[in-house]
Amino acid sequence: MSTVDIVLAGARGHGRWHLDNIRRLQDKGIVRLAGICELTPLTAEEIPEGLGTPEQSADFGALLDSTGARIAVICTPIPTHTDLALTAARRGVHLLLEKPPAPSYAEFRRMADGVAEARVVCQIGFQSLGSHAVPAILGMVAEGAVGELVGVGGAGAWVRAEAYYRRAPWAGKRRLNGVDVIDGVLTNPLAHAVATALAVNGTTRAEDVTGIELELLRANDIESDDTSCVRITTAPGRKVTVAATLCAERDDEPYVVVHGTRGRITYWYKQDRVLLQRADRGPEEYEYGRTDLLENLVDHLTDGADLLVTPDATGAFMRVVEAIRQAPDPAPLPAGAWHLLPDEGRRVVPGIDGLVAAAADSLSLYSELGATWAPPKEVST
């Protein structure tokens with residue numbers, strides 16, 4: 001098998017994870033890092049040992065041309081995704097595009113349609129969808145392990161300091177210089193909870209979404225939301241409800257929970273860990289492997305392996321992003337609903353951890369669970 005040359009656009013921040021992953025695959029002889037696109041070149045100290053001295057440029061198109069790369073990994077600010085993806089596609093370069101793929105449904109379609117027209121392939125970077133747990137859960141449901149599928153909940157309770165929103169000009173923004181960003185808790189840091197819940201419900205495509213209800217709130221002094229919930233009505237009639245916050249009392253592992261008439265399946269998607277609980281049986285716990293999405297993309301190009309996360313498989317998620325984009329700006333929580341932890345420099349919403357879990361458990365919104373600070377929900381269809 002020949003080595004596949006790669007260009008990485010966006011090598012700082014989360015891009016550092018991609019650098020390490022490319023190093024891992026380069027050590028296996030699968031890929032070679034041919035170039036890095038950054039506005040300011042990386043120093044030698046910023047490039048992991050073993051990656052050599054890849055060509056660097058702030059001009060993405062020129063870098064693709066000069067390196068002859070076959071794959072581009074795009075890990076840049078959300079509003080740049082579509083134009084960079086199309087720059088690569090026009091050159092016949094295949095893509096691993098970080099999530100969220102775009103800040104609006106129109107930009108998503110422009111990217112997906114342009115990629116299809118160029119006849120290149122695009123993998124969207126929802127790493128949790130590379131987990132072998134996802135097809136395993138779908139198999140359990142299909143076999144009737146938990147009876148008839150009722151709905152799916154998702155819960156994400158994370159802590160982030162106020163400095164988190166100062167890490168980049170677009171952080172915590174809905175728009176920047178007139179351009180959509182939509183960097184909210186459901187669309188970026190805990191986007192995996194939404195995408196994974198939709199996946200285990202078997203409703204990943206845009207046409208699978210028939211209705212969306214939102215409660216978007218913020219404790220931090222930002223434009224976007226940091227404490228929100230969404231309830232998605234899907235074509236089979238089932239509800240998918242995801243609650244998330246970056247103002248938790250304590251950091252916890254995010255999860256999705258599949259509700260059946262005779263049991264439930266809980267999936268901690270960062271750990272690839274599954275708990276099956278059903279009537280008249282003891283609990284069963286499983287741990288699964290995971291296929292790396294970049295490695296899967298290379299395998300698709302070299303051996304014809306099925307691509308795991310195509311743009312179409314994120315259409316339902318992008319319907320949620322679009323509903324959030326079109327919703328009124330998130331409501332600030334009243335001063336009494338949160339407090340500052342000065343030593344940690346972060347804002348906490350007391351009781352939110354329990355509300356997030358209760359929403360996933362009951363498929364309810366915050367306002368339906370008695371949160372006095374939750375405004376009337378927004379409904380999008």
# chains A, B, ... in the order shown; residues from 1 in each chain; ligands from 1
>>> residues_around(residues="Asp252 of chain A", least_positions_apart="2", cutoff="10 Å", atoms="only C-alpha atoms", output="ChimeraX atom specification")
/A:155-159,248-250,254-255,353
>>> write_last_selection(atoms="C-alpha atoms", output="compact mmCIF listing (two decimals), in the first residue's frame")
# COMPACT_ATOMS: atom_id res chain seq x y z
CA ALA A 155 -26.66 14.44 28.24
CA GLY A 156 -23.52 16.54 28.37
CA ALA A 157 -22.42 18.27 31.58
CA TRP A 158 -19.02 19.89 31.17
CA VAL A 159 -17.15 22.70 32.87
CA ALA A 248 -21.88 22.13 35.26
CA GLU A 249 -21.15 21.76 38.94
CA ARG A 250 -18.67 19.00 38.03
CA PRO A 254 -21.36 12.73 28.17
CA TYR A 255 -23.67 9.95 27.09
CA ASP A 353 -26.17 18.53 36.31
>>> select_by_dssp(residues="segment 14-75 of chain A", states="alpha helix (DSSP H)", output="PyMOL selection string")
chain A and resi 15-27+60-67
>>> write_last_selection(atoms="N, CA and C atoms", output="PDB file, in the first residue's frame")
ATOM      1  N   GLY A  15      -6.387  21.263  16.439  1.00  0.00           N
ATOM      2  CA  GLY A  15      -5.518  20.753  15.391  1.00  0.00           C
ATOM      3  C   GLY A  15      -4.320  19.984  15.917  1.00  0.00           C
ATOM      4  N   ARG A  16      -3.932  20.245  17.156  1.00  0.00           N
ATOM      5  CA  ARG A  16      -2.807  19.499  17.755  1.00  0.00           C
ATOM      6  C   ARG A  16      -3.157  18.016  17.875  1.00  0.00           C
ATOM      7  N   TRP A  17      -4.426  17.734  18.134  1.00  0.00           N
ATOM      8  CA  TRP A  17      -4.859  16.330  18.183  1.00  0.00           C
ATOM      9  C   TRP A  17      -4.649  15.690  16.820  1.00  0.00           C
ATOM     10  N   HIS A  18      -4.978  16.401  15.771  1.00  0.00           N
ATOM     11  CA  HIS A  18      -4.787  15.863  14.423  1.00  0.00           C
ATOM     12  C   HIS A  18      -3.313  15.648  14.119  1.00  0.00           C
ATOM     13  N   LEU A  19      -2.464  16.565  14.568  1.00  0.00           N
ATOM     14  CA  LEU A  19      -1.018  16.370  14.376  1.00  0.00           C
ATOM     15  C   LEU A  19      -0.563  15.064  15.015  1.00  0.00           C
ATOM     16  N   ASP A  20      -1.005  14.824  16.244  1.00  0.00           N
ATOM     17  CA  ASP A  20      -0.612  13.594  16.938  1.00  0.00           C
ATOM     18  C   ASP A  20      -1.175  12.359  16.225  1.00  0.00           C
ATOM     19  N   ASN A  21      -2.416  12.469  15.727  1.00  0.00           N
ATOM     20  CA  ASN A  21      -3.033  11.335  15.043  1.00  0.00           C
ATOM     21  C   ASN A  21      -2.329  11.054  13.716  1.00  0.00           C
ATOM     22  N   ILE A  22      -1.971  12.111  12.997  1.00  0.00           N
ATOM     23  CA  ILE A  22      -1.230  11.930  11.745  1.00  0.00           C
ATOM     24  C   ILE A  22       0.123  11.295  12.033  1.00  0.00           C
ATOM     25  N   ARG A  23       0.758  11.709  13.125  1.00  0.00           N
ATOM     26  CA  ARG A  23       2.039  11.096  13.519  1.00  0.00           C
ATOM     27  C   ARG A  23       1.848   9.595  13.766  1.00  0.00           C
ATOM     28  N   ARG A  24       0.753   9.225  14.426  1.00  0.00           N
ATOM     29  CA  ARG A  24       0.473   7.815  14.704  1.00  0.00           C
ATOM     30  C   ARG A  24       0.330   7.032  13.405  1.00  0.00           C
ATOM     31  N   LEU A  25      -0.421   7.581  12.468  1.00  0.00           N
ATOM     32  CA  LEU A  25      -0.642   6.897  11.193  1.00  0.00           C
ATOM     33  C   LEU A  25       0.614   6.928  10.319  1.00  0.00           C
ATOM     34  N   GLN A  26       1.415   7.970  10.464  1.00  0.00           N
ATOM     35  CA  GLN A  26       2.674   8.023   9.711  1.00  0.00           C
ATOM     36  C   GLN A  26       3.631   6.949  10.211  1.00  0.00           C
ATOM     37  N   ASP A  27       3.619   6.729  11.520  1.00  0.00           N
ATOM     38  CA  ASP A  27       4.466   5.668  12.086  1.00  0.00           C
ATOM     39  C   ASP A  27       4.047   4.295  11.556  1.00  0.00           C
ATOM     40  N   PHE A  60      -3.762  27.987   1.377  1.00  0.00           N
ATOM     41  CA  PHE A  60      -4.182  26.589   1.364  1.00  0.00           C
ATOM     42  C   PHE A  60      -4.115  25.996  -0.043  1.00  0.00           C
ATOM     43  N   GLY A  61      -4.674  26.714  -1.003  1.00  0.00           N
ATOM     44  CA  GLY A  61      -4.682  26.204  -2.364  1.00  0.00           C
ATOM     45  C   GLY A  61      -3.286  26.004  -2.919  1.00  0.00           C
ATOM     46  N   ALA A  62      -2.414  26.978  -2.679  1.00  0.00           N
ATOM     47  CA  ALA A  62      -1.038  26.866  -3.166  1.00  0.00           C
ATOM     48  C   ALA A  62      -0.320  25.695  -2.502  1.00  0.00           C
ATOM     49  N   LEU A  63      -0.619  25.465  -1.240  1.00  0.00           N
ATOM     50  CA  LEU A  63       0.020  24.365  -0.517  1.00  0.00           C
ATOM     51  C   LEU A  63      -0.449  23.015  -1.070  1.00  0.00           C
ATOM     52  N   LEU A  64      -1.721  22.916  -1.375  1.00  0.00           N
ATOM     53  CA  LEU A  64      -2.221  21.679  -1.986  1.00  0.00           C
ATOM     54  C   LEU A  64      -1.555  21.446  -3.337  1.00  0.00           C
ATOM     55  N   ASP A  65      -1.396  22.516  -4.102  1.00  0.00           N
ATOM     56  CA  ASP A  65      -0.764  22.392  -5.418  1.00  0.00           C
ATOM     57  C   ASP A  65       0.696  21.948  -5.295  1.00  0.00           C
ATOM     58  N   SER A  66       1.429  22.597  -4.383  1.00  0.00           N
ATOM     59  CA  SER A  66       2.878  22.334  -4.307  1.00  0.00           C
ATOM     60  C   SER A  66       3.194  20.972  -3.701  1.00  0.00           C
ATOM     61  N   THR A  67       2.329  20.498  -2.804  1.00  0.00           N
ATOM     62  CA  THR A  67       2.591  19.202  -2.156  1.00  0.00           C
ATOM     63  C   THR A  67       2.002  18.033  -2.940  1.00  0.00           C
TER      64      THR A  67
END
>>> closest_residue(among="A:Asn296, A:Thr261, A:Asn220, A:Thr80", to="Gly147 of chain A", atoms="only C-alpha atoms")
A:Thr261
>>> atom_distance(atom1="atom CA of Ala102 of chain A", atom2="atom CA of Thr302 of chain A")
27.5 Å
>>> closest_residue(among="A:Asp113, A:Glu215, A:Glu148, A:Glu98", to="Ser228 of chain A", atoms="only C-alpha atoms")
A:Glu215
>>> closest_atom_pairs(of="segment 27-122 of chain A", to="segment 320-331 of chain A", cutoff="9 Å", atoms="only C-alpha atoms", output="Markdown table")
| residue | atom | partner | partner_atom | distance |
| --- | --- | --- | --- | --- |
| A:Pro100 | CA | A:Val321 | CA | 8.5 |
| A:Ala102 | CA | A:Val321 | CA | 8.6 |
| A:Pro103 | CA | A:Val321 | CA | 6.9 |
| A:Ser104 | CA | A:Glu322 | CA | 5.3 |
| A:Tyr105 | CA | A:Glu322 | CA | 5.5 |
| A:Ala106 | CA | A:Glu322 | CA | 8.6 |
>>> write_last_selection(atoms="C-alpha atoms", output="CSV table (one decimal), in the first residue's frame")
chain,number,residue,atom,x,y,z
A,100,PRO,CA,-19.6,21.1,12.8
A,102,ALA,CA,-20.7,24.4,8.5
A,103,PRO,CA,-22.5,27.2,10.4
A,104,SER,CA,-25.7,27.1,8.4
A,105,TYR,CA,-27.6,24.6,6.3
A,106,ALA,CA,-27.1,26.6,3.2
>>> residues_around(residues="segment 279-287 of chain A", least_positions_apart="2", cutoff="10 Å", atoms="only C-alpha atoms", output="list in words")
His132, Ala133, Ala136, Ala145, Val146, Gly147, Thr261, Arg262, Gly263, Arg264, Ile265, Thr266, Tyr267, Trp268, Gln271, Asp272, Arg273, Val274, Leu275, Leu276, Gln277, Gly289 and Arg290 of chain A
>>> write_last_selection(atoms="C-alpha atoms", output="compact mmCIF listing (two decimals), in the first residue's frame")
# COMPACT_ATOMS: atom_id res chain seq x y z
CA HIS A 132 -18.06 0.08 16.88
CA ALA A 133 -20.60 0.72 19.64
CA ALA A 136 -23.74 -2.67 17.97
CA ALA A 145 -33.21 -6.29 23.09
CA VAL A 146 -35.02 -3.38 24.80
CA GLY A 147 -38.43 -3.89 23.21
CA THR A 261 -40.42 -0.39 26.14
CA ARG A 262 -38.55 -3.16 27.99
CA GLY A 263 -35.17 -1.63 28.80
CA ARG A 264 -32.55 0.95 27.97
CA ILE A 265 -29.06 1.22 26.50
CA THR A 266 -26.64 3.85 27.81
CA TYR A 267 -23.65 4.75 25.65
CA TRP A 268 -20.78 6.84 27.03
CA GLN A 271 -15.30 5.88 26.27
CA ASP A 272 -16.96 3.51 23.74
CA ARG A 273 -18.72 1.97 26.73
CA VAL A 274 -22.26 0.56 26.62
CA LEU A 275 -24.60 -0.55 29.42
CA LEU A 276 -27.57 -2.71 28.45
CA GLN A 277 -30.35 -2.85 31.03
CA GLY A 289 -13.20 -0.54 19.62
CA ARG A 290 -13.19 2.48 17.38
>>> residues_around(residues="Val121 of chain A", least_positions_apart="6", cutoff="10 Å", atoms="only C-alpha atoms", output="VMD selection string")
chain A and resid 71 89 92 to 96 112 115 297 300 to 301 307 310 to 311
>>> closest_atom_pairs(of="segment 235-318 of chain A", to="segment 187-206 of chain A", cutoff="12 Å", atoms="only C-alpha atoms", output="Markdown table")
| residue | atom | partner | partner_atom | distance |
| --- | --- | --- | --- | --- |
| A:Ala235 | CA | A:Thr203 | CA | 7.9 |
| A:Pro236 | CA | A:Thr203 | CA | 8.5 |
| A:Gly237 | CA | A:Thr203 | CA | 10.7 |
| A:Arg238 | CA | A:Asn201 | CA | 8.2 |
| A:Lys239 | CA | A:Asn201 | CA | 8.9 |
| A:Val240 | CA | A:Ala197 | CA | 6.8 |
| A:Thr241 | CA | A:Ala197 | CA | 8.1 |
| A:Val242 | CA | A:Val194 | CA | 6.2 |
| A:Ala243 | CA | A:Ala193 | CA | 8.7 |
| A:Ala244 | CA | A:Leu190 | CA | 7.0 |
| A:Thr245 | CA | A:Leu190 | CA | 8.4 |
| A:Leu246 | CA | A:Pro189 | CA | 8.6 |
| A:Glu253 | CA | A:Ala193 | CA | 10.7 |
| A:Pro254 | CA | A:Ala193 | CA | 7.0 |
| A:Tyr255 | CA | A:Ala193 | CA | 6.8 |
| A:Val256 | CA | A:Ala197 | CA | 5.8 |
| A:Val257 | CA | A:Ala197 | CA | 7.8 |
| A:Val258 | CA | A:Val200 | CA | 7.5 |
| A:His259 | CA | A:Asn201 | CA | 9.8 |
| A:Gly260 | CA | A:Asn201 | CA | 11.1 |
| A:Ile265 | CA | A:Val200 | CA | 10.0 |
| A:Thr266 | CA | A:Val200 | CA | 10.6 |
| A:Tyr267 | CA | A:Thr196 | CA | 9.3 |
| A:Trp268 | CA | A:Ala193 | CA | 9.6 |
| A:Tyr269 | CA | A:Thr196 | CA | 7.8 |
| A:Lys270 | CA | A:His192 | CA | 9.1 |
| A:Asp272 | CA | A:Thr196 | CA | 11.6 |
| A:Leu308 | CA | A:Ala199 | CA | 11.6 |
| A:Val309 | CA | A:Thr204 | CA | 10.0 |
| A:Thr310 | CA | A:Arg205 | CA | 10.2 |
| A:Pro311 | CA | A:Arg205 | CA | 9.0 |
| A:Asp312 | CA | A:Arg205 | CA | 5.9 |
| A:Ala313 | CA | A:Thr204 | CA | 5.1 |
| A:Thr314 | CA | A:Thr204 | CA | 5.8 |
| A:Gly315 | CA | A:Ala206 | CA | 4.1 |
| A:Ala316 | CA | A:Ala206 | CA | 4.1 |
| A:Phe317 | CA | A:Ala195 | CA | 5.7 |
| A:Met318 | CA | A:Ala206 | CA | 7.4 |
>>> write_last_selection(atoms="N, CA, C and O atoms", output="compact mmCIF listing (two decimals), in the first residue's frame")
# COMPACT_ATOMS: atom_id res chain seq x y z
N ALA A 235 -38.82 11.40 11.69
CA ALA A 235 -39.82 10.83 10.78
C ALA A 235 -40.51 9.58 11.32
O ALA A 235 -41.72 9.41 11.10
N PRO A 236 -39.81 8.69 12.04
CA PRO A 236 -40.52 7.53 12.61
C PRO A 236 -41.46 7.88 13.75
O PRO A 236 -42.17 7.01 14.27
N GLY A 237 -41.45 9.17 14.17
CA GLY A 237 -42.32 9.60 15.25
C GLY A 237 -41.65 9.64 16.61
O GLY A 237 -42.26 10.05 17.59
N ARG A 238 -40.40 9.19 16.67
CA ARG A 238 -39.68 9.17 17.94
C ARG A 238 -39.03 10.53 18.23
O ARG A 238 -38.70 11.28 17.32
N LYS A 239 -38.84 10.81 19.53
CA LYS A 239 -38.20 12.06 19.95
C LYS A 239 -36.74 11.78 20.32
O LYS A 239 -36.41 10.75 20.91
N VAL A 240 -35.89 12.74 19.97
CA VAL A 240 -34.49 12.74 20.40
C VAL A 240 -34.27 14.03 21.17
O VAL A 240 -34.40 15.12 20.61
N THR A 241 -33.98 13.91 22.47
CA THR A 241 -33.80 15.09 23.32
C THR A 241 -32.38 15.10 23.86
O THR A 241 -31.92 14.11 24.45
N VAL A 242 -31.69 16.22 23.65
CA VAL A 242 -30.31 16.36 24.14
C VAL A 242 -30.22 17.63 24.98
O VAL A 242 -30.63 18.71 24.54
N ALA A 243 -29.68 17.48 26.18
CA ALA A 243 -29.45 18.61 27.08
C ALA A 243 -27.96 18.73 27.33
O ALA A 243 -27.27 17.72 27.51
N ALA A 244 -27.47 19.96 27.35
CA ALA A 244 -26.02 20.15 27.48
C ALA A 244 -25.72 21.47 28.17
O ALA A 244 -26.47 22.44 28.06
N THR A 245 -24.61 21.48 28.87
CA THR A 245 -24.15 22.70 29.53
C THR A 245 -22.63 22.71 29.62
O THR A 245 -21.99 21.64 29.67
N LEU A 246 -22.06 23.90 29.64
CA LEU A 246 -20.64 24.09 29.93
C LEU A 246 -20.48 24.75 31.30
O LEU A 246 -19.40 25.22 31.64
N GLU A 253 -18.86 12.51 32.16
CA GLU A 253 -18.78 11.90 30.85
C GLU A 253 -20.11 12.06 30.12
O GLU A 253 -21.16 11.68 30.64
N PRO A 254 -20.10 12.61 28.92
CA PRO A 254 -21.36 12.73 28.17
C PRO A 254 -21.84 11.36 27.69
O PRO A 254 -21.03 10.43 27.50
N TYR A 255 -23.13 11.24 27.49
CA TYR A 255 -23.67 9.95 27.09
C TYR A 255 -24.98 10.15 26.33
O TYR A 255 -25.59 11.22 26.35
N VAL A 256 -25.40 9.09 25.64
CA VAL A 256 -26.75 9.03 25.08
C VAL A 256 -27.42 7.79 25.67
O VAL A 256 -26.76 6.83 26.05
N VAL A 257 -28.74 7.86 25.76
CA VAL A 257 -29.48 6.74 26.33
C VAL A 257 -30.66 6.40 25.41
O VAL A 257 -31.44 7.27 25.04
N VAL A 258 -30.71 5.13 25.02
CA VAL A 258 -31.75 4.63 24.14
C VAL A 258 -32.86 4.06 25.03
O VAL A 258 -32.62 3.14 25.82
N HIS A 259 -34.06 4.60 24.89
CA HIS A 259 -35.19 4.16 25.70
C HIS A 259 -36.06 3.18 24.91
O HIS A 259 -36.53 3.51 23.82
N GLY A 260 -36.25 2.01 25.48
CA GLY A 260 -37.14 1.02 24.87
C GLY A 260 -38.28 0.70 25.80
O GLY A 260 -38.28 1.08 26.98
N ILE A 265 -30.48 1.38 26.83
CA ILE A 265 -29.06 1.22 26.50
C ILE A 265 -28.39 2.58 26.71
O ILE A 265 -28.78 3.57 26.09
N THR A 266 -27.39 2.62 27.58
CA THR A 266 -26.64 3.85 27.81
C THR A 266 -25.28 3.73 27.15
O THR A 266 -24.60 2.71 27.29
N TYR A 267 -24.90 4.76 26.42
CA TYR A 267 -23.65 4.75 25.65
C TYR A 267 -22.83 5.98 26.01
O TYR A 267 -23.21 7.10 25.68
N TRP A 268 -21.73 5.76 26.72
CA TRP A 268 -20.78 6.84 27.03
C TRP A 268 -19.83 6.93 25.84
O TRP A 268 -18.88 6.14 25.71
N TYR A 269 -20.12 7.88 24.94
CA TYR A 269 -19.52 7.82 23.61
C TYR A 269 -18.05 8.20 23.55
O TYR A 269 -17.37 7.83 22.60
N LYS A 270 -17.53 8.90 24.53
CA LYS A 270 -16.09 9.17 24.53
C LYS A 270 -15.30 7.96 25.00
O LYS A 270 -14.10 7.84 24.72
N ASP A 272 -16.51 4.69 24.50
CA ASP A 272 -16.96 3.51 23.74
C ASP A 272 -17.52 2.44 24.66
O ASP A 272 -17.37 1.24 24.43
N LEU A 308 -17.38 6.13 6.79
CA LEU A 308 -18.22 6.05 7.98
C LEU A 308 -19.13 7.25 8.20
O LEU A 308 -20.25 7.11 8.68
N VAL A 309 -18.65 8.47 7.88
CA VAL A 309 -19.44 9.67 8.21
C VAL A 309 -19.47 10.60 6.99
O VAL A 309 -18.72 11.57 6.91
N THR A 310 -20.34 10.28 6.06
CA THR A 310 -20.49 11.11 4.86
C THR A 310 -21.24 12.40 5.20
O THR A 310 -21.93 12.47 6.24
N PRO A 311 -21.17 13.43 4.36
CA PRO A 311 -21.97 14.63 4.62
C PRO A 311 -23.45 14.32 4.80
O PRO A 311 -24.10 14.88 5.70
N ASP A 312 -24.02 13.45 3.95
CA ASP A 312 -25.45 13.13 4.08
C ASP A 312 -25.79 12.55 5.44
O ASP A 312 -26.91 12.75 5.95
N ALA A 313 -24.82 11.85 6.06
CA ALA A 313 -25.05 11.24 7.37
C ALA A 313 -25.01 12.27 8.49
O ALA A 313 -25.21 11.90 9.66
N THR A 314 -24.75 13.54 8.16
CA THR A 314 -24.80 14.60 9.17
C THR A 314 -25.89 15.62 8.85
O THR A 314 -25.97 16.67 9.46
N GLY A 315 -26.76 15.29 7.89
CA GLY A 315 -27.81 16.22 7.49
C GLY A 315 -28.78 16.54 8.62
O GLY A 315 -29.19 17.70 8.79
N ALA A 316 -29.16 15.54 9.42
CA ALA A 316 -30.08 15.79 10.54
C ALA A 316 -29.43 16.70 11.56
O ALA A 316 -30.06 17.62 12.09
N PHE A 317 -28.16 16.46 11.86
CA PHE A 317 -27.43 17.34 12.77
C PHE A 317 -27.44 18.78 12.24
O PHE A 317 -27.64 19.74 12.99
N MET A 318 -27.22 18.94 10.95
CA MET A 318 -27.18 20.28 10.36
C MET A 318 -28.56 20.94 10.39
O MET A 318 -28.66 22.17 10.43
>>> closest_residue(among="A:Ala358, A:Val379, A:Leu33, A:Ala69", to="Gly50 of chain A", atoms="only C-alpha atoms")
A:Leu33
>>> atom_distance(atom1="atom CA of Pro169 of chain A", atom2="atom CA of Gln123 of chain A")
26.4 Å
>>> residues_around(residues="Ala58 of chain A", least_positions_apart="5", cutoff="10 Å", atoms="only C-alpha atoms", output="VMD selection string")
chain A and resid 9 to 10 36 to 41 63
>>> write_last_selection(atoms="C-alpha atoms", output="PDB file, in the first residue's frame")
ATOM      1  CA  ALA A   9      -5.223  23.140   7.718  1.00  0.00           C
ATOM      2  CA  GLY A  10      -5.398  24.386  11.299  1.00  0.00           C
ATOM      3  CA  ILE A  36       0.650  22.504   7.259  1.00  0.00           C
ATOM      4  CA  CYS A  37      -1.562  25.514   6.532  1.00  0.00           C
ATOM      5  CA  GLU A  38      -1.515  28.112   9.295  1.00  0.00           C
ATOM      6  CA  LEU A  39      -1.594  31.906   9.220  1.00  0.00           C
ATOM      7  CA  THR A  40       1.540  31.848  11.387  1.00  0.00           C
ATOM      8  CA  PRO A  41       3.901  28.944  10.658  1.00  0.00           C
ATOM      9  CA  LEU A  63       0.020  24.365  -0.517  1.00  0.00           C
TER      10      LEU A  63
END
>>> atom_distance(atom1="atom CA of Arg175 of chain A", atom2="atom CA of Gln127 of chain A")
26.0 Å
>>> select_by_dssp(residues="segment 125-298 of chain A", states="strand (DSSP E)", output="number ranges by chain")
A: 149-157, 175-176, 179-180, 209-218, 227-234, 239-245, 255-260, 263-268, 273-278, 284-287
>>> decode(residues="segment 313-319 of chain A", atoms="all heavy atoms", output="PDB file, in the first residue's frame")
ATOM      1  N   ALA A 313     -24.820  11.846   6.056  1.00  0.00           N
ATOM      2  CA  ALA A 313     -25.054  11.237   7.368  1.00  0.00           C
ATOM      3  C   ALA A 313     -25.006  12.265   8.495  1.00  0.00           C
ATOM      4  O   ALA A 313     -25.208  11.903   9.662  1.00  0.00           O
ATOM      5  CB  ALA A 313     -24.028  10.140   7.625  1.00  0.00           C
ATOM      6  N   THR A 314     -24.755  13.536   8.159  1.00  0.00           N
ATOM      7  CA  THR A 314     -24.799  14.603   9.173  1.00  0.00           C
ATOM      8  C   THR A 314     -25.895  15.618   8.845  1.00  0.00           C
ATOM      9  O   THR A 314     -25.968  16.672   9.464  1.00  0.00           O
ATOM     10  CB  THR A 314     -23.442  15.327   9.278  1.00  0.00           C
ATOM     11  OG1 THR A 314     -23.143  16.004   8.043  1.00  0.00           O
ATOM     12  CG2 THR A 314     -22.326  14.350   9.585  1.00  0.00           C
ATOM     13  N   GLY A 315     -26.757  15.293   7.887  1.00  0.00           N
ATOM     14  CA  GLY A 315     -27.814  16.218   7.495  1.00  0.00           C
ATOM     15  C   GLY A 315     -28.777  16.544   8.623  1.00  0.00           C
ATOM     16  O   GLY A 315     -29.190  17.702   8.790  1.00  0.00           O
ATOM     17  N   ALA A 316     -29.160  15.538   9.422  1.00  0.00           N
ATOM     18  CA  ALA A 316     -30.080  15.788  10.535  1.00  0.00           C
ATOM     19  C   ALA A 316     -29.425  16.703  11.563  1.00  0.00           C
ATOM     20  O   ALA A 316     -30.063  17.625  12.089  1.00  0.00           O
ATOM     21  CB  ALA A 316     -30.493  14.463  11.175  1.00  0.00           C
ATOM     22  N   PHE A 317     -28.159  16.458  11.857  1.00  0.00           N
ATOM     23  CA  PHE A 317     -27.432  17.344  12.771  1.00  0.00           C
ATOM     24  C   PHE A 317     -27.436  18.776  12.239  1.00  0.00           C
ATOM     25  O   PHE A 317     -27.639  19.737  12.989  1.00  0.00           O
ATOM     26  CB  PHE A 317     -26.002  16.852  12.967  1.00  0.00           C
ATOM     27  CG  PHE A 317     -25.121  17.841  13.674  1.00  0.00           C
ATOM     28  CD1 PHE A 317     -25.189  17.990  15.052  1.00  0.00           C
ATOM     29  CD2 PHE A 317     -24.247  18.654  12.956  1.00  0.00           C
ATOM     30  CE1 PHE A 317     -24.390  18.927  15.705  1.00  0.00           C
ATOM     31  CE2 PHE A 317     -23.451  19.589  13.598  1.00  0.00           C
ATOM     32  CZ  PHE A 317     -23.528  19.719  14.977  1.00  0.00           C
ATOM     33  N   MET A 318     -27.219  18.937  10.946  1.00  0.00           N
ATOM     34  CA  MET A 318     -27.183  20.280  10.365  1.00  0.00           C
ATOM     35  C   MET A 318     -28.559  20.940  10.390  1.00  0.00           C
ATOM     36  O   MET A 318     -28.655  22.174  10.428  1.00  0.00           O
ATOM     37  CB  MET A 318     -26.629  20.231   8.945  1.00  0.00           C
ATOM     38  CG  MET A 318     -25.120  20.076   8.871  1.00  0.00           C
ATOM     39  SD  MET A 318     -24.179  21.319   9.819  1.00  0.00           S
ATOM     40  CE  MET A 318     -24.875  22.857   9.190  1.00  0.00           C
ATOM     41  N   ARG A 319     -29.629  20.175  10.392  1.00  0.00           N
ATOM     42  CA  ARG A 319     -30.960  20.766  10.586  1.00  0.00           C
ATOM     43  C   ARG A 319     -31.054  21.407  11.984  1.00  0.00           C
ATOM     44  O   ARG A 319     -31.680  22.464  12.153  1.00  0.00           O
ATOM     45  CB  ARG A 319     -32.037  19.703  10.427  1.00  0.00           C
ATOM     46  CG  ARG A 319     -32.271  19.239   9.001  1.00  0.00           C
ATOM     47  CD  ARG A 319     -32.937  20.316   8.167  1.00  0.00           C
ATOM     48  NE  ARG A 319     -33.329  19.801   6.857  1.00  0.00           N
ATOM     49  CZ  ARG A 319     -33.556  20.551   5.797  1.00  0.00           C
ATOM     50  NH1 ARG A 319     -33.426  21.866   5.882  1.00  0.00           N
ATOM     51  NH2 ARG A 319     -33.906  20.017   4.651  1.00  0.00           N
TER      52      ARG A 319
END
